[in-house]
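Below: work-v5.txt (compact mmCIF, C-alpha atoms and all ligand atoms)
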# COMPACT_ATOMS: atom_id res chain seq x y z
CA MET B 16 0.00 0.00 0.00
CA ILE B 17 2.77 2.45 0.90
CA GLY B 18 4.78 3.55 -2.08
CA ASN B 19 2.45 5.86 -3.97
CA ASN B 20 3.57 9.41 -3.47
CA SER B 21 0.22 10.81 -2.29
CA VAL B 22 -0.22 12.10 1.23
CA VAL B 23 -3.97 12.15 0.66
CA LYS B 24 -5.90 10.10 -1.87
CA LEU B 25 -9.68 10.22 -2.08
CA GLU B 26 -11.68 8.09 -4.48
CA GLY B 27 -15.41 8.28 -5.10
CA LEU B 28 -15.92 10.04 -1.79
CA GLY B 29 -19.49 10.71 -0.73
CA LYS B 30 -21.03 11.98 2.51
CA VAL B 31 -24.71 11.90 3.31
CA TYR B 32 -26.06 13.50 6.47
CA LYS B 33 -29.53 12.61 7.66
CA ARG B 34 -31.63 15.37 9.18
CA GLY B 35 -34.92 13.78 10.15
CA SER B 36 -36.28 12.29 6.96
CA GLU B 37 -34.16 14.62 4.84
CA GLU B 38 -30.87 13.47 3.28
CA ILE B 39 -28.14 16.04 2.73
CA HIS B 40 -25.56 15.03 0.15
CA ALA B 41 -22.67 17.07 1.51
CA LEU B 42 -20.03 15.38 -0.71
CA LYS B 43 -20.64 13.83 -4.12
CA ASP B 44 -18.07 11.61 -5.83
CA VAL B 45 -15.02 13.59 -4.74
CA ASN B 46 -11.74 12.40 -6.28
CA PHE B 47 -8.61 14.11 -5.06
CA SER B 48 -4.96 13.30 -4.70
CA LEU B 49 -2.31 15.42 -3.02
CA PRO B 50 1.43 14.88 -3.36
CA LYS B 51 3.83 15.41 -0.46
CA GLY B 52 4.86 19.04 -0.12
CA ALA B 53 1.74 20.46 -1.80
CA PHE B 54 0.13 23.72 -0.72
CA VAL B 55 -3.46 23.99 -1.95
CA SER B 56 -6.60 25.92 -1.14
CA ILE B 57 -10.22 24.85 -1.19
CA LEU B 58 -12.74 27.52 -2.11
CA GLY B 59 -16.51 27.48 -2.30
CA PRO B 60 -19.67 29.02 -0.89
CA SER B 61 -21.04 28.41 2.57
CA GLY B 62 -22.58 24.97 2.86
CA SER B 63 -20.78 23.57 -0.20
CA GLY B 64 -19.00 20.87 1.82
CA LYS B 65 -15.52 22.26 2.57
CA THR B 66 -15.48 21.51 6.29
CA THR B 67 -17.06 18.11 5.68
CA LEU B 68 -14.22 17.30 3.29
CA LEU B 69 -11.53 18.50 5.71
CA ASN B 70 -13.09 16.55 8.59
CA ILE B 71 -13.03 13.36 6.56
CA ILE B 72 -9.42 13.86 5.42
CA GLY B 73 -8.56 14.59 9.06
CA CYS B 74 -10.28 11.40 10.26
CA LEU B 75 -12.71 13.37 12.44
CA ASP B 76 -15.55 11.93 10.39
CA ARG B 77 -16.08 8.97 8.10
CA PRO B 78 -17.33 9.03 4.52
CA SER B 79 -20.62 7.38 3.52
CA THR B 80 -19.03 6.00 0.34
CA GLY B 81 -15.60 5.90 -1.26
CA THR B 82 -12.08 5.49 0.07
CA VAL B 83 -9.61 7.67 1.94
CA GLU B 84 -5.88 6.95 2.01
CA ILE B 85 -3.53 8.92 4.24
CA ASP B 86 0.17 8.33 3.55
CA GLY B 87 -0.80 5.23 1.56
CA GLU B 88 -2.88 3.75 4.38
CA ASP B 89 -6.54 2.99 3.65
CA ILE B 90 -8.32 4.31 6.72
CA GLY B 91 -11.68 2.72 5.85
CA GLY B 92 -10.91 -0.43 7.80
CA LEU B 93 -9.70 1.32 10.94
CA ASP B 94 -11.68 1.35 14.19
CA GLU B 95 -11.95 4.50 16.33
CA LYS B 96 -8.60 3.75 17.99
CA GLY B 97 -6.95 3.50 14.59
CA LEU B 98 -8.46 6.83 13.52
CA VAL B 99 -7.20 8.46 16.71
CA ARG B 100 -3.70 7.16 15.91
CA ILE B 101 -3.84 8.67 12.40
CA ARG B 102 -5.11 11.99 13.80
CA ARG B 103 -2.29 12.14 16.35
CA GLU B 104 0.52 11.02 14.11
CA LYS B 105 -0.40 12.37 10.71
CA ILE B 106 -2.77 15.31 11.00
CA GLY B 107 -2.32 18.85 12.28
CA PHE B 108 -5.51 20.90 12.54
CA VAL B 109 -5.83 24.67 12.51
CA PHE B 110 -9.27 26.25 12.91
CA GLN B 111 -10.75 29.72 12.62
CA GLN B 112 -11.18 29.75 16.41
CA PHE B 113 -7.82 29.13 18.05
CA TYR B 114 -9.02 26.74 20.80
CA LEU B 115 -6.14 27.53 23.16
CA LEU B 116 -6.41 26.53 26.81
CA PRO B 117 -6.51 29.83 28.73
CA GLY B 118 -4.84 28.53 31.90
CA MET B 119 -1.81 27.22 30.02
CA SER B 120 1.19 29.11 28.71
CA VAL B 121 2.12 29.34 25.04
CA ARG B 122 4.70 26.61 25.54
CA GLU B 123 2.23 24.32 27.35
CA ASN B 124 -0.45 24.84 24.70
CA ILE B 125 2.04 23.95 21.98
CA ALA B 126 3.24 20.86 23.84
CA LEU B 127 -0.28 19.63 24.62
CA PRO B 128 -0.55 17.09 21.73
CA LEU B 129 2.66 15.45 22.98
CA LEU B 130 0.83 14.38 26.14
CA PHE B 131 -1.48 12.28 23.97
CA SER B 132 1.06 11.02 21.43
CA LYS B 133 3.50 10.27 24.30
CA LYS B 134 6.29 11.51 22.08
CA LYS B 135 9.32 12.68 24.06
CA VAL B 136 10.95 15.85 22.81
CA SER B 137 13.61 18.18 24.15
CA ASP B 138 13.00 21.73 25.37
CA LYS B 139 15.07 22.84 22.38
CA TYR B 140 12.59 21.13 20.04
CA ILE B 141 9.73 23.24 21.44
CA GLU B 142 11.92 26.35 21.36
CA ASN B 143 12.59 25.73 17.67
CA ILE B 144 8.87 25.49 16.92
CA ILE B 145 8.21 28.67 18.90
CA ASP B 146 10.91 30.38 16.81
CA MET B 147 9.51 28.90 13.60
CA VAL B 148 6.13 30.58 14.15
CA GLY B 149 7.73 33.88 15.17
CA LEU B 150 6.95 33.81 18.90
CA THR B 151 10.49 33.85 20.25
CA GLY B 152 10.50 34.92 23.89
CA ARG B 153 6.73 34.50 24.32
CA GLY B 154 6.74 30.90 25.58
CA LYS B 155 5.71 31.78 29.14
CA HIS B 156 2.89 34.10 28.16
CA LYS B 157 -0.75 33.13 28.58
CA PRO B 158 -3.18 33.34 25.63
CA ASN B 159 -4.86 36.46 27.08
CA GLN B 160 -1.52 38.27 26.76
CA LEU B 161 -1.45 37.66 23.00
CA SER B 162 -3.07 39.27 19.96
CA GLY B 163 -5.40 37.23 17.73
CA GLY B 164 -2.64 36.74 15.19
CA GLU B 165 -0.25 35.55 17.90
CA MET B 166 -2.88 33.15 19.24
CA GLN B 167 -3.27 31.68 15.78
CA ARG B 168 0.51 31.25 15.59
CA VAL B 169 0.35 29.25 18.83
CA ALA B 170 -2.41 27.11 17.32
CA ILE B 171 -0.28 26.54 14.23
CA ALA B 172 2.73 25.61 16.38
CA ARG B 173 0.52 23.15 18.28
CA ALA B 174 -0.51 21.62 14.93
CA LEU B 175 3.17 21.17 14.00
CA VAL B 176 4.42 19.62 17.21
CA ASN B 177 3.84 15.99 16.20
CA GLU B 178 5.38 16.62 12.77
CA PRO B 179 2.21 15.76 10.86
CA SER B 180 2.11 14.51 7.27
CA ILE B 181 -0.50 17.11 6.50
CA ILE B 182 -1.79 20.36 7.98
CA LEU B 183 -5.52 21.01 7.55
CA ALA B 184 -6.55 24.61 8.08
CA ASP B 185 -10.24 25.56 8.03
CA GLU B 186 -10.49 29.33 7.37
CA PRO B 187 -7.44 30.01 9.56
CA THR B 188 -7.41 33.73 8.80
CA GLY B 189 -11.17 34.21 9.16
CA ASN B 190 -10.94 35.82 12.62
CA LEU B 191 -7.99 38.10 11.95
CA ASP B 192 -7.44 41.65 10.78
CA LEU B 193 -5.65 42.39 7.52
CA ARG B 194 -2.16 42.68 9.00
CA ASN B 195 -2.44 39.41 10.92
CA ARG B 196 -4.00 37.66 7.93
CA GLU B 197 -0.88 38.53 5.96
CA ILE B 198 1.43 37.33 8.75
CA ILE B 199 -0.39 33.99 9.05
CA LEU B 200 -0.41 33.54 5.28
CA GLU B 201 3.35 34.14 5.16
CA LEU B 202 3.78 31.65 8.00
CA PHE B 203 1.89 28.94 6.10
CA SER B 204 3.95 29.70 3.02
CA SER B 205 7.22 29.40 4.96
CA LEU B 206 6.05 26.12 6.52
CA ASN B 207 5.30 24.80 3.05
CA GLN B 208 8.80 25.82 1.97
CA ARG B 209 10.10 23.75 4.88
CA GLY B 210 8.30 20.76 3.37
CA PHE B 211 4.93 20.69 5.15
CA THR B 212 1.93 19.63 3.07
CA ILE B 213 -0.96 22.05 3.64
CA ILE B 214 -4.64 22.27 2.69
CA VAL B 215 -6.32 25.53 3.54
CA VAL B 216 -10.03 26.30 3.24
CA THR B 217 -10.48 29.97 2.48
CA HIS B 218 -12.77 32.67 1.10
CA GLU B 219 -9.82 34.95 0.41
CA ILE B 220 -8.25 35.49 -2.99
CA LYS B 221 -4.86 36.36 -1.44
CA VAL B 222 -4.71 33.02 0.31
CA ALA B 223 -5.76 31.14 -2.81
CA GLU B 224 -3.18 32.99 -4.90
CA LYS B 225 -0.45 32.25 -2.38
CA THR B 226 -1.18 28.54 -2.43
CA GLY B 227 -1.01 28.61 -6.22
CA THR B 228 -3.27 25.58 -6.61
CA ALA B 229 -6.96 25.95 -5.82
CA PHE B 230 -9.95 23.63 -5.88
CA ALA B 231 -13.58 24.69 -5.71
CA MET B 232 -16.38 22.98 -3.86
CA SER B 233 -19.78 23.49 -5.35
CA ASP B 234 -22.77 21.72 -3.87
CA GLY B 235 -20.62 18.81 -2.69
CA ALA B 236 -18.58 18.41 -5.89
CA LEU B 237 -14.89 19.27 -6.07
CA SER B 238 -13.18 20.59 -9.19
CA ALA B 239 -9.83 22.19 -10.00
CA VAL B 240 -9.77 25.97 -10.42
CA ASN B 241 -7.88 26.84 -13.59
CA ASN B 242 -7.67 30.56 -13.01
CA ILE B 243 -7.96 31.88 -9.45
CA ALA B 244 -8.52 35.53 -10.47
CA ASP B 245 -11.36 34.49 -12.82
CA TYR B 246 -12.93 32.37 -10.10
CA PHE B 247 -13.12 35.32 -7.69
CA CYS B 248 -14.23 37.66 -10.47
CA ASN B 249 -17.12 35.34 -11.38
CA LEU B 250 -17.99 35.06 -7.70
CA ALA B 251 -18.18 38.85 -7.35
CA VAL B 252 -20.32 39.12 -10.49
CA SER B 253 -22.73 36.43 -9.29
CA ARG B 254 -23.07 38.21 -5.92
CA VAL B 255 -23.78 41.56 -7.51
CA MET B 256 -26.26 39.99 -9.91
CA HIS B 257 -27.78 37.88 -7.09
CA ILE B 258 -27.52 34.75 -9.21
N1 LIG R 1 -23.38 17.10 11.29
C1 LIG R 1 -24.19 17.48 10.28
N2 LIG R 1 -25.47 17.03 10.21
C2 LIG R 1 -26.27 17.37 9.20
N3 LIG R 1 -25.89 18.17 8.17
C3 LIG R 1 -24.64 18.66 8.19
C4 LIG R 1 -23.72 18.34 9.24
N4 LIG R 1 -22.55 18.97 8.99
C5 LIG R 1 -22.73 19.65 7.83
N5 LIG R 1 -23.98 19.46 7.35
C6 LIG R 1 -24.53 20.00 6.08
O1 LIG R 1 -23.66 19.60 5.04
C7 LIG R 1 -23.49 20.65 4.10
C8 LIG R 1 -22.01 21.01 3.99
O2 LIG R 1 -21.61 21.63 5.21
P1 LIG R 1 -20.11 22.12 5.48
O3 LIG R 1 -20.02 22.51 6.90
O4 LIG R 1 -19.17 21.08 5.00
O5 LIG R 1 -20.03 23.41 4.53
P2 LIG R 1 -18.87 24.49 4.36
O6 LIG R 1 -18.54 24.55 2.90
O7 LIG R 1 -17.76 24.21 5.30
O8 LIG R 1 -19.60 25.85 4.77
P3 LIG R 1 -19.01 27.20 5.51
O9 LIG R 1 -18.26 27.98 4.43
O10 LIG R 1 -20.25 27.90 5.96
O11 LIG R 1 -18.14 26.77 6.64
C9 LIG R 1 -24.39 21.78 4.56
O12 LIG R 1 -25.63 21.67 3.90
C10 LIG R 1 -24.54 21.51 6.04
O13 LIG R 1 -25.77 22.02 6.54
MG MG R 2 -16.92 25.25 6.94
Kindly present the structure from the file in structure tokens form.
Ligand SMILES: Nc1ncnc2c1ncn2[C@@H]1O[C@H](COP(=O)(O)OP(=O)(O)OP(=O)(O)O)[C@@H](O)[C@H]1O
Ligand SMILES: [Mg+2]
Amino acid sequence: MIGNNSVVKLEGLGKVYKRGSEEIHALKDVNFSLPKGAFVSILGPSGSGKTTLLNIIGCLDRPSTGTVEIDGEDIGGLDEKGLVRIRREKIGFVFQQFYLLPGMSVRENIALPLLFSKKKVSDKYIENIIDMVGLTGRGKHKPNQLSGGEMQRVAIARALVNEPSIILADEPTGNLDLRNREIILELFSSLNQRGFTIIVVTHEIKVAEKTGTAFAMSDGALSAVNNIADYFCNLAVSRVMHI
């Protein structure tokens, strides 16, 4: 199984939610493959299935149909314990809300996943990650002593600490002002240059342009975006025209 070069491989992926007697087809026949070291964005309107897709890639949820391979491992046959192992070892999540523990310092928040993975690391290792996200000297601070952008950098550092195969970021700049959005975008870009594979869900053209490769979700279907500027231009036109 291991040997293909894809970090993520999805085939014929479908997700149906049931709400009472209603069926919601949140994903429809999604096929997607991501090589190691890729940096891609996923665009699409609210409710089109972006978070559903990320949750399935991140093993937080299971598909209704189709297969998911992470690092060449078919996760379909895994029980909950197996999924937890994949999440701990292979996936780093970053969300719009930072989900930091307020009573813990920056350093403790970053090191938190190590408690669960039982991975032993040196103090220097954590220091390096703190440096990598641009928070040198802030390790002892509590989240309430940080700006929103700094809190998101802590959340990104926490996502890196287990050296995941892939970072999944769901609208990571959605809660930030312009300046901090740019800082976080640059941080993702520098992490990609260091070799991290990153998928970012975004509504922002700057983020999509930075990733270089964009996909669009539309009513549960995923397709490649050939021209990012055209995609956003068409989006603006359809909003103005209310179509
Ligand atoms: N747990 C759930 N139960 C039932 N329906 C759900 C559930 N989660 C999502 N959905 C539905 O699935 C569809 C896709 O939702 P999803 O959250 O993936 O969209 P999204 O593209 O991330 O939207 P947004 O941009 O608003 O975050 C929507 O119709 C949503 O209402
Ligand atoms: Mg979402």
Please identify every residue of chain B that has at least one atom no farther than 6 Å from an atom of ligand LIG 1 (chain R), counting all atoms listed in the file, and for each give the shortest atom pair and the distance in Å to one decimal, arranged by chain then increasing number, as a Markdown table.
| residue | atom | partner | partner_atom | distance |
| --- | --- | --- | --- | --- |
| B:Tyr32 | CA | R:LIG1 | C2 | 4.7 |
| B:Lys33 | CA | R:LIG1 | C2 | 6.0 |
| B:Arg34 | CA | R:LIG1 | C2 | 5.7 |
| B:Ala41 | CA | R:LIG1 | O1 | 4.5 |
| B:Pro60 | CA | R:LIG1 | O9 | 5.6 |
| B:Ser61 | CA | R:LIG1 | O9 | 3.4 |
| B:Gly62 | CA | R:LIG1 | O5 | 3.4 |
| B:Ser63 | CA | R:LIG1 | O6 | 3.9 |
| B:Gly64 | CA | R:LIG1 | O4 | 3.2 |
| B:Lys65 | CA | R:LIG1 | O6 | 3.8 |
| B:Thr66 | CA | R:LIG1 | O7 | 3.7 |
| B:Thr67 | CA | R:LIG1 | O4 | 3.7 |
**OP:** In Å, rounded to a single decimal, give me how far CA of Phe54 (chain B) is from CA of Gly227 (chain B).
**Re:**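 CA of Gly227 (chain B) sits 7.4 Å away from CA of Phe54 (chain B).
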Between CA of Asn124 (chain B) and CA of Ser205 (chain B), what distance in Å does the model show, to one decimal?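 Rounded to one decimal, the two atoms are 21.7 Å apart.
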Ligand MG 2 (chain R) proximity check over B:Leu237, B:Ile213, B:Val169, B:Ile57, using all atoms listed in the file: winner is B:Ile57
Please produce, as a Markdown table, a per-residue contact table for region 24-109 of chain B versus region 183-203 of chain B (criterion: any atom at most 9 Å away, all atoms listed in the file considered), showing the nearest atom pair and its distance in Å to one decimal, sorted by chain then residue number.
| residue | atom | partner | partner_atom | distance |
| --- | --- | --- | --- | --- |
| B:Phe54 | CA | B:Phe203 | CA | 8.8 |
| B:Lys65 | CA | B:Asp185 | CA | 8.3 |
| B:Thr66 | CA | B:Asp185 | CA | 6.8 |
| B:Leu69 | CA | B:Leu183 | CA | 6.8 |
| B:Asn70 | CA | B:Leu183 | CA | 8.8 |
| B:Ile72 | CA | B:Leu183 | CA | 8.4 |
| B:Gly73 | CA | B:Leu183 | CA | 7.3 |
| B:Ile106 | CA | B:Leu183 | CA | 7.2 |
| B:Gly107 | CA | B:Leu183 | CA | 6.1 |
| B:Phe108 | CA | B:Leu183 | CA | 5.0 |
| B:Val109 | CA | B:Ala184 | CA | 4.5 |
Would you save the residues of that selection, restricted to C-alpha atoms, as a PDB file, keeping the file's coordinate frame?
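This went into again_5.pdb:
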ATOM      1  CA  PHE B  54       0.130  23.720  -0.720  1.00  0.00           C
ATOM      2  CA  LYS B  65     -15.520  22.260   2.570  1.00  0.00           C
ATOM      3  CA  THR B  66     -15.480  21.510   6.290  1.00  0.00           C
ATOM      4  CA  LEU B  69     -11.530  18.500   5.710  1.00  0.00           C
ATOM      5  CA  ASN B  70     -13.090  16.550   8.590  1.00  0.00           C
ATOM      6  CA  ILE B  72      -9.420  13.860   5.420  1.00  0.00           C
ATOM      7  CA  GLY B  73      -8.560  14.590   9.060  1.00  0.00           C
ATOM      8  CA  ILE B 106      -2.770  15.310  11.000  1.00  0.00           C
ATOM      9  CA  GLY B 107      -2.320  18.850  12.280  1.00  0.00           C
ATOM     10  CA  PHE B 108      -5.510  20.900  12.540  1.00  0.00           C
ATOM     11  CA  VAL B 109      -5.830  24.670  12.510  1.00  0.00           C
TER      12      VAL B 109
END
- May I have the residues within 10 Å of Pro50 (chain B) as a PyMOL selection string, using only C-alpha atoms and disregarding those fewer than 6 positions away in the same chain? chain B and resi 19-24+86+212
Students should find that CA of Leu75 (chain B) and CA of Ser180 (chain B) are spaced 15.7 Å
Distance query Phe230 (chain B) at most 6 Å, all atoms listed in the file, self and fewer than 6 positions along chain excluded, as a PDB file with C-alpha atoms, in the frame of the given file:
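Result file follows (selection-v5.pdb):
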ATOM      1  CA  ILE B  57     -10.220  24.850  -1.190  1.00  0.00           C
ATOM      2  CA  SER B 238     -13.180  20.590  -9.190  1.00  0.00           C
ATOM      3  CA  ALA B 239      -9.830  22.190 -10.000  1.00  0.00           C
ATOM      4  CA  VAL B 240      -9.770  25.970 -10.420  1.00  0.00           C
TER       5      VAL B 240
END
Within 12 Å of file point (-9.1, 2.1, 3.3), counting all atoms listed in the file, expressed as a VMD selection string
chain B and resid 16 23 to 26 28 72 74 77 to 78 80 to 94 97 to 98
File of the preceding selection, C-alpha atoms, as a PDB file, in the frame of the given file:
ATOM      1  CA  MET B  16       0.000   0.000   0.000  1.00  0.00           C
ATOM      2  CA  VAL B  23      -3.970  12.150   0.660  1.00  0.00           C
ATOM      3  CA  LYS B  24      -5.900  10.100  -1.870  1.00  0.00           C
ATOM      4  CA  LEU B  25      -9.680  10.220  -2.080  1.00  0.00           C
ATOM      5  CA  GLU B  26     -11.680   8.090  -4.480  1.00  0.00           C
ATOM      6  CA  LEU B  28     -15.920  10.040  -1.790  1.00  0.00           C
ATOM      7  CA  ILE B  72      -9.420  13.860   5.420  1.00  0.00           C
ATOM      8  CA  CYS B  74     -10.280  11.400  10.260  1.00  0.00           C
ATOM      9  CA  ARG B  77     -16.080   8.970   8.100  1.00  0.00           C
ATOM     10  CA  PRO B  78     -17.330   9.030   4.520  1.00  0.00           C
ATOM     11  CA  THR B  80     -19.030   6.000   0.340  1.00  0.00           C
ATOM     12  CA  GLY B  81     -15.600   5.900  -1.260  1.00  0.00           C
ATOM     13  CA  THR B  82     -12.080   5.490   0.070  1.00  0.00           C
ATOM     14  CA  VAL B  83      -9.610   7.670   1.940  1.00  0.00           C
ATOM     15  CA  GLU B  84      -5.880   6.950   2.010  1.00  0.00           C
ATOM     16  CA  ILE B  85      -3.530   8.920   4.240  1.00  0.00           C
ATOM     17  CA  ASP B  86       0.170   8.330   3.550  1.00  0.00           C
ATOM     18  CA  GLY B  87      -0.800   5.230   1.560  1.00  0.00           C
ATOM     19  CA  GLU B  88      -2.880   3.750   4.380  1.00  0.00           C
ATOM     20  CA  ASP B  89      -6.540   2.990   3.650  1.00  0.00           C
ATOM     21  CA  ILE B  90      -8.320   4.310   6.720  1.00  0.00           C
ATOM     22  CA  GLY B  91     -11.680   2.720   5.850  1.00  0.00           C
ATOM     23  CA  GLY B  92     -10.910  -0.430   7.800  1.00  0.00           C
ATOM     24  CA  LEU B  93      -9.700   1.320  10.940  1.00  0.00           C
ATOM     25  CA  ASP B  94     -11.680   1.350  14.190  1.00  0.00           C
ATOM     26  CA  GLY B  97      -6.950   3.500  14.590  1.00  0.00           C
ATOM     27  CA  LEU B  98      -8.460   6.830  13.520  1.00  0.00           C
TER      28      LEU B  98
END
Quick one: residues within 9 Å of Arg153 (chain B), only C-alpha atoms, excluding same-chain residues fewer than 5 positions away - as a PDB file with C-alpha atoms, in the coordinates of the input?
ATOM      1  CA  SER B 120       1.190  29.110  28.710  1.00  0.00           C
ATOM      2  CA  VAL B 121       2.120  29.340  25.040  1.00  0.00           C
ATOM      3  CA  ARG B 122       4.700  26.610  25.540  1.00  0.00           C
ATOM      4  CA  ILE B 145       8.210  28.670  18.900  1.00  0.00           C
ATOM      5  CA  LEU B 161      -1.450  37.660  23.000  1.00  0.00           C
TER       6      LEU B 161
END
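The shortest atom-to-atom distance to ligand MG 2 (chain R), with all atoms listed in the file taken into account, belongs to B:His218 out of B:Lys225, B:Lys43, B:Lys134, B:His218.
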Taking all atoms listed in the file into account, name the residue in B:Met256, B:Asp234, B:Leu68, B:Cys248 that is nearest to Ile39 (chain B).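 The closest residue to Ile39 (chain B) is B:Asp234.
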| query | So which one's closest to ligand MG 2 (chain R), B:Gln208, B:Ser132, B:Asn177, B:Thr217? Using only C-alpha atoms and all ligand atoms, please. | reply |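 When distances to ligand MG 2 (chain R) are compared using only C-alpha atoms and all ligand atoms, the smallest one comes from B:Thr217.
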Could you write region 115-138 of chain B of the block just shown to a file containing N, CA and C atoms, as a PDB file, in the first residue's frame?
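Written output follows (part19.pdb):
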ATOM      1  N   LEU B 115      -7.262  27.654  22.219  1.00  0.00           N
ATOM      2  CA  LEU B 115      -6.142  27.533  23.163  1.00  0.00           C
ATOM      3  C   LEU B 115      -6.705  27.362  24.572  1.00  0.00           C
ATOM      4  N   LEU B 116      -5.967  26.676  25.421  1.00  0.00           N
ATOM      5  CA  LEU B 116      -6.412  26.527  26.808  1.00  0.00           C
ATOM      6  C   LEU B 116      -5.931  27.754  27.587  1.00  0.00           C
ATOM      7  N   PRO B 117      -6.872  28.538  28.154  1.00  0.00           N
ATOM      8  CA  PRO B 117      -6.509  29.833  28.734  1.00  0.00           C
ATOM      9  C   PRO B 117      -5.587  29.741  29.941  1.00  0.00           C
ATOM     10  N   GLY B 118      -5.667  28.644  30.703  1.00  0.00           N
ATOM     11  CA  GLY B 118      -4.839  28.525  31.898  1.00  0.00           C
ATOM     12  C   GLY B 118      -3.406  28.097  31.594  1.00  0.00           C
ATOM     13  N   MET B 119      -3.153  27.731  30.375  1.00  0.00           N
ATOM     14  CA  MET B 119      -1.813  27.218  30.024  1.00  0.00           C
ATOM     15  C   MET B 119      -1.011  28.278  29.279  1.00  0.00           C
ATOM     16  N   SER B 120       0.311  28.190  29.423  1.00  0.00           N
ATOM     17  CA  SER B 120       1.195  29.107  28.713  1.00  0.00           C
ATOM     18  C   SER B 120       1.259  28.727  27.224  1.00  0.00           C
ATOM     19  N   VAL B 121       1.890  29.611  26.469  1.00  0.00           N
ATOM     20  CA  VAL B 121       2.124  29.345  25.043  1.00  0.00           C
ATOM     21  C   VAL B 121       2.836  27.999  24.874  1.00  0.00           C
ATOM     22  N   ARG B 122       3.909  27.840  25.635  1.00  0.00           N
ATOM     23  CA  ARG B 122       4.702  26.606  25.539  1.00  0.00           C
ATOM     24  C   ARG B 122       3.857  25.366  25.875  1.00  0.00           C
ATOM     25  N   GLU B 123       3.052  25.474  26.935  1.00  0.00           N
ATOM     26  CA  GLU B 123       2.232  24.323  27.351  1.00  0.00           C
ATOM     27  C   GLU B 123       1.143  24.012  26.327  1.00  0.00           C
ATOM     28  N   ASN B 124       0.550  25.071  25.754  1.00  0.00           N
ATOM     29  CA  ASN B 124      -0.454  24.845  24.702  1.00  0.00           C
ATOM     30  C   ASN B 124       0.171  24.127  23.507  1.00  0.00           C
ATOM     31  N   ILE B 125       1.377  24.556  23.141  1.00  0.00           N
ATOM     32  CA  ILE B 125       2.044  23.953  21.979  1.00  0.00           C
ATOM     33  C   ILE B 125       2.390  22.497  22.260  1.00  0.00           C
ATOM     34  N   ALA B 126       2.787  22.228  23.488  1.00  0.00           N
ATOM     35  CA  ALA B 126       3.237  20.861  23.836  1.00  0.00           C
ATOM     36  C   ALA B 126       2.079  19.906  24.126  1.00  0.00           C
ATOM     37  N   LEU B 127       0.866  20.445  24.205  1.00  0.00           N
ATOM     38  CA  LEU B 127      -0.282  19.627  24.624  1.00  0.00           C
ATOM     39  C   LEU B 127      -0.445  18.321  23.823  1.00  0.00           C
ATOM     40  N   PRO B 128      -0.360  18.350  22.479  1.00  0.00           N
ATOM     41  CA  PRO B 128      -0.547  17.092  21.733  1.00  0.00           C
ATOM     42  C   PRO B 128       0.480  16.013  22.089  1.00  0.00           C
ATOM     43  N   LEU B 129       1.630  16.423  22.625  1.00  0.00           N
ATOM     44  CA  LEU B 129       2.664  15.447  22.983  1.00  0.00           C
ATOM     45  C   LEU B 129       2.227  14.577  24.160  1.00  0.00           C
ATOM     46  N   LEU B 130       1.344  15.152  25.009  1.00  0.00           N
ATOM     47  CA  LEU B 130       0.827  14.377  26.141  1.00  0.00           C
ATOM     48  C   LEU B 130       0.068  13.156  25.633  1.00  0.00           C
ATOM     49  N   PHE B 131      -0.643  13.351  24.510  1.00  0.00           N
ATOM     50  CA  PHE B 131      -1.477  12.277  23.970  1.00  0.00           C
ATOM     51  C   PHE B 131      -0.660  11.334  23.085  1.00  0.00           C
ATOM     52  N   SER B 132       0.265  11.884  22.328  1.00  0.00           N
ATOM     53  CA  SER B 132       1.063  11.022  21.429  1.00  0.00           C
ATOM     54  C   SER B 132       2.192  10.329  22.199  1.00  0.00           C
ATOM     55  N   LYS B 133       2.450  10.811  23.432  1.00  0.00           N
ATOM     56  CA  LYS B 133       3.503  10.266  24.297  1.00  0.00           C
ATOM     57  C   LYS B 133       4.881  10.352  23.648  1.00  0.00           C
ATOM     58  N   LYS B 134       5.004  11.307  22.729  1.00  0.00           N
ATOM     59  CA  LYS B 134       6.288  11.507  22.082  1.00  0.00           C
ATOM     60  C   LYS B 134       7.162  12.352  23.011  1.00  0.00           C
ATOM     61  N   LYS B 135       8.396  11.922  23.195  1.00  0.00           N
ATOM     62  CA  LYS B 135       9.315  12.680  24.058  1.00  0.00           C
ATOM     63  C   LYS B 135      10.142  13.624  23.176  1.00  0.00           C
ATOM     64  N   VAL B 136      10.142  14.889  23.557  1.00  0.00           N
ATOM     65  CA  VAL B 136      10.954  15.847  22.808  1.00  0.00           C
ATOM     66  C   VAL B 136      11.754  16.696  23.798  1.00  0.00           C
ATOM     67  N   SER B 137      12.795  17.327  23.285  1.00  0.00           N
ATOM     68  CA  SER B 137      13.612  18.178  24.150  1.00  0.00           C
ATOM     69  C   SER B 137      12.993  19.573  24.248  1.00  0.00           C
ATOM     70  N   ASP B 138      13.437  20.339  25.257  1.00  0.00           N
ATOM     71  CA  ASP B 138      12.997  21.731  25.369  1.00  0.00           C
ATOM     72  C   ASP B 138      13.386  22.512  24.111  1.00  0.00           C
TER      73      ASP B 138
END
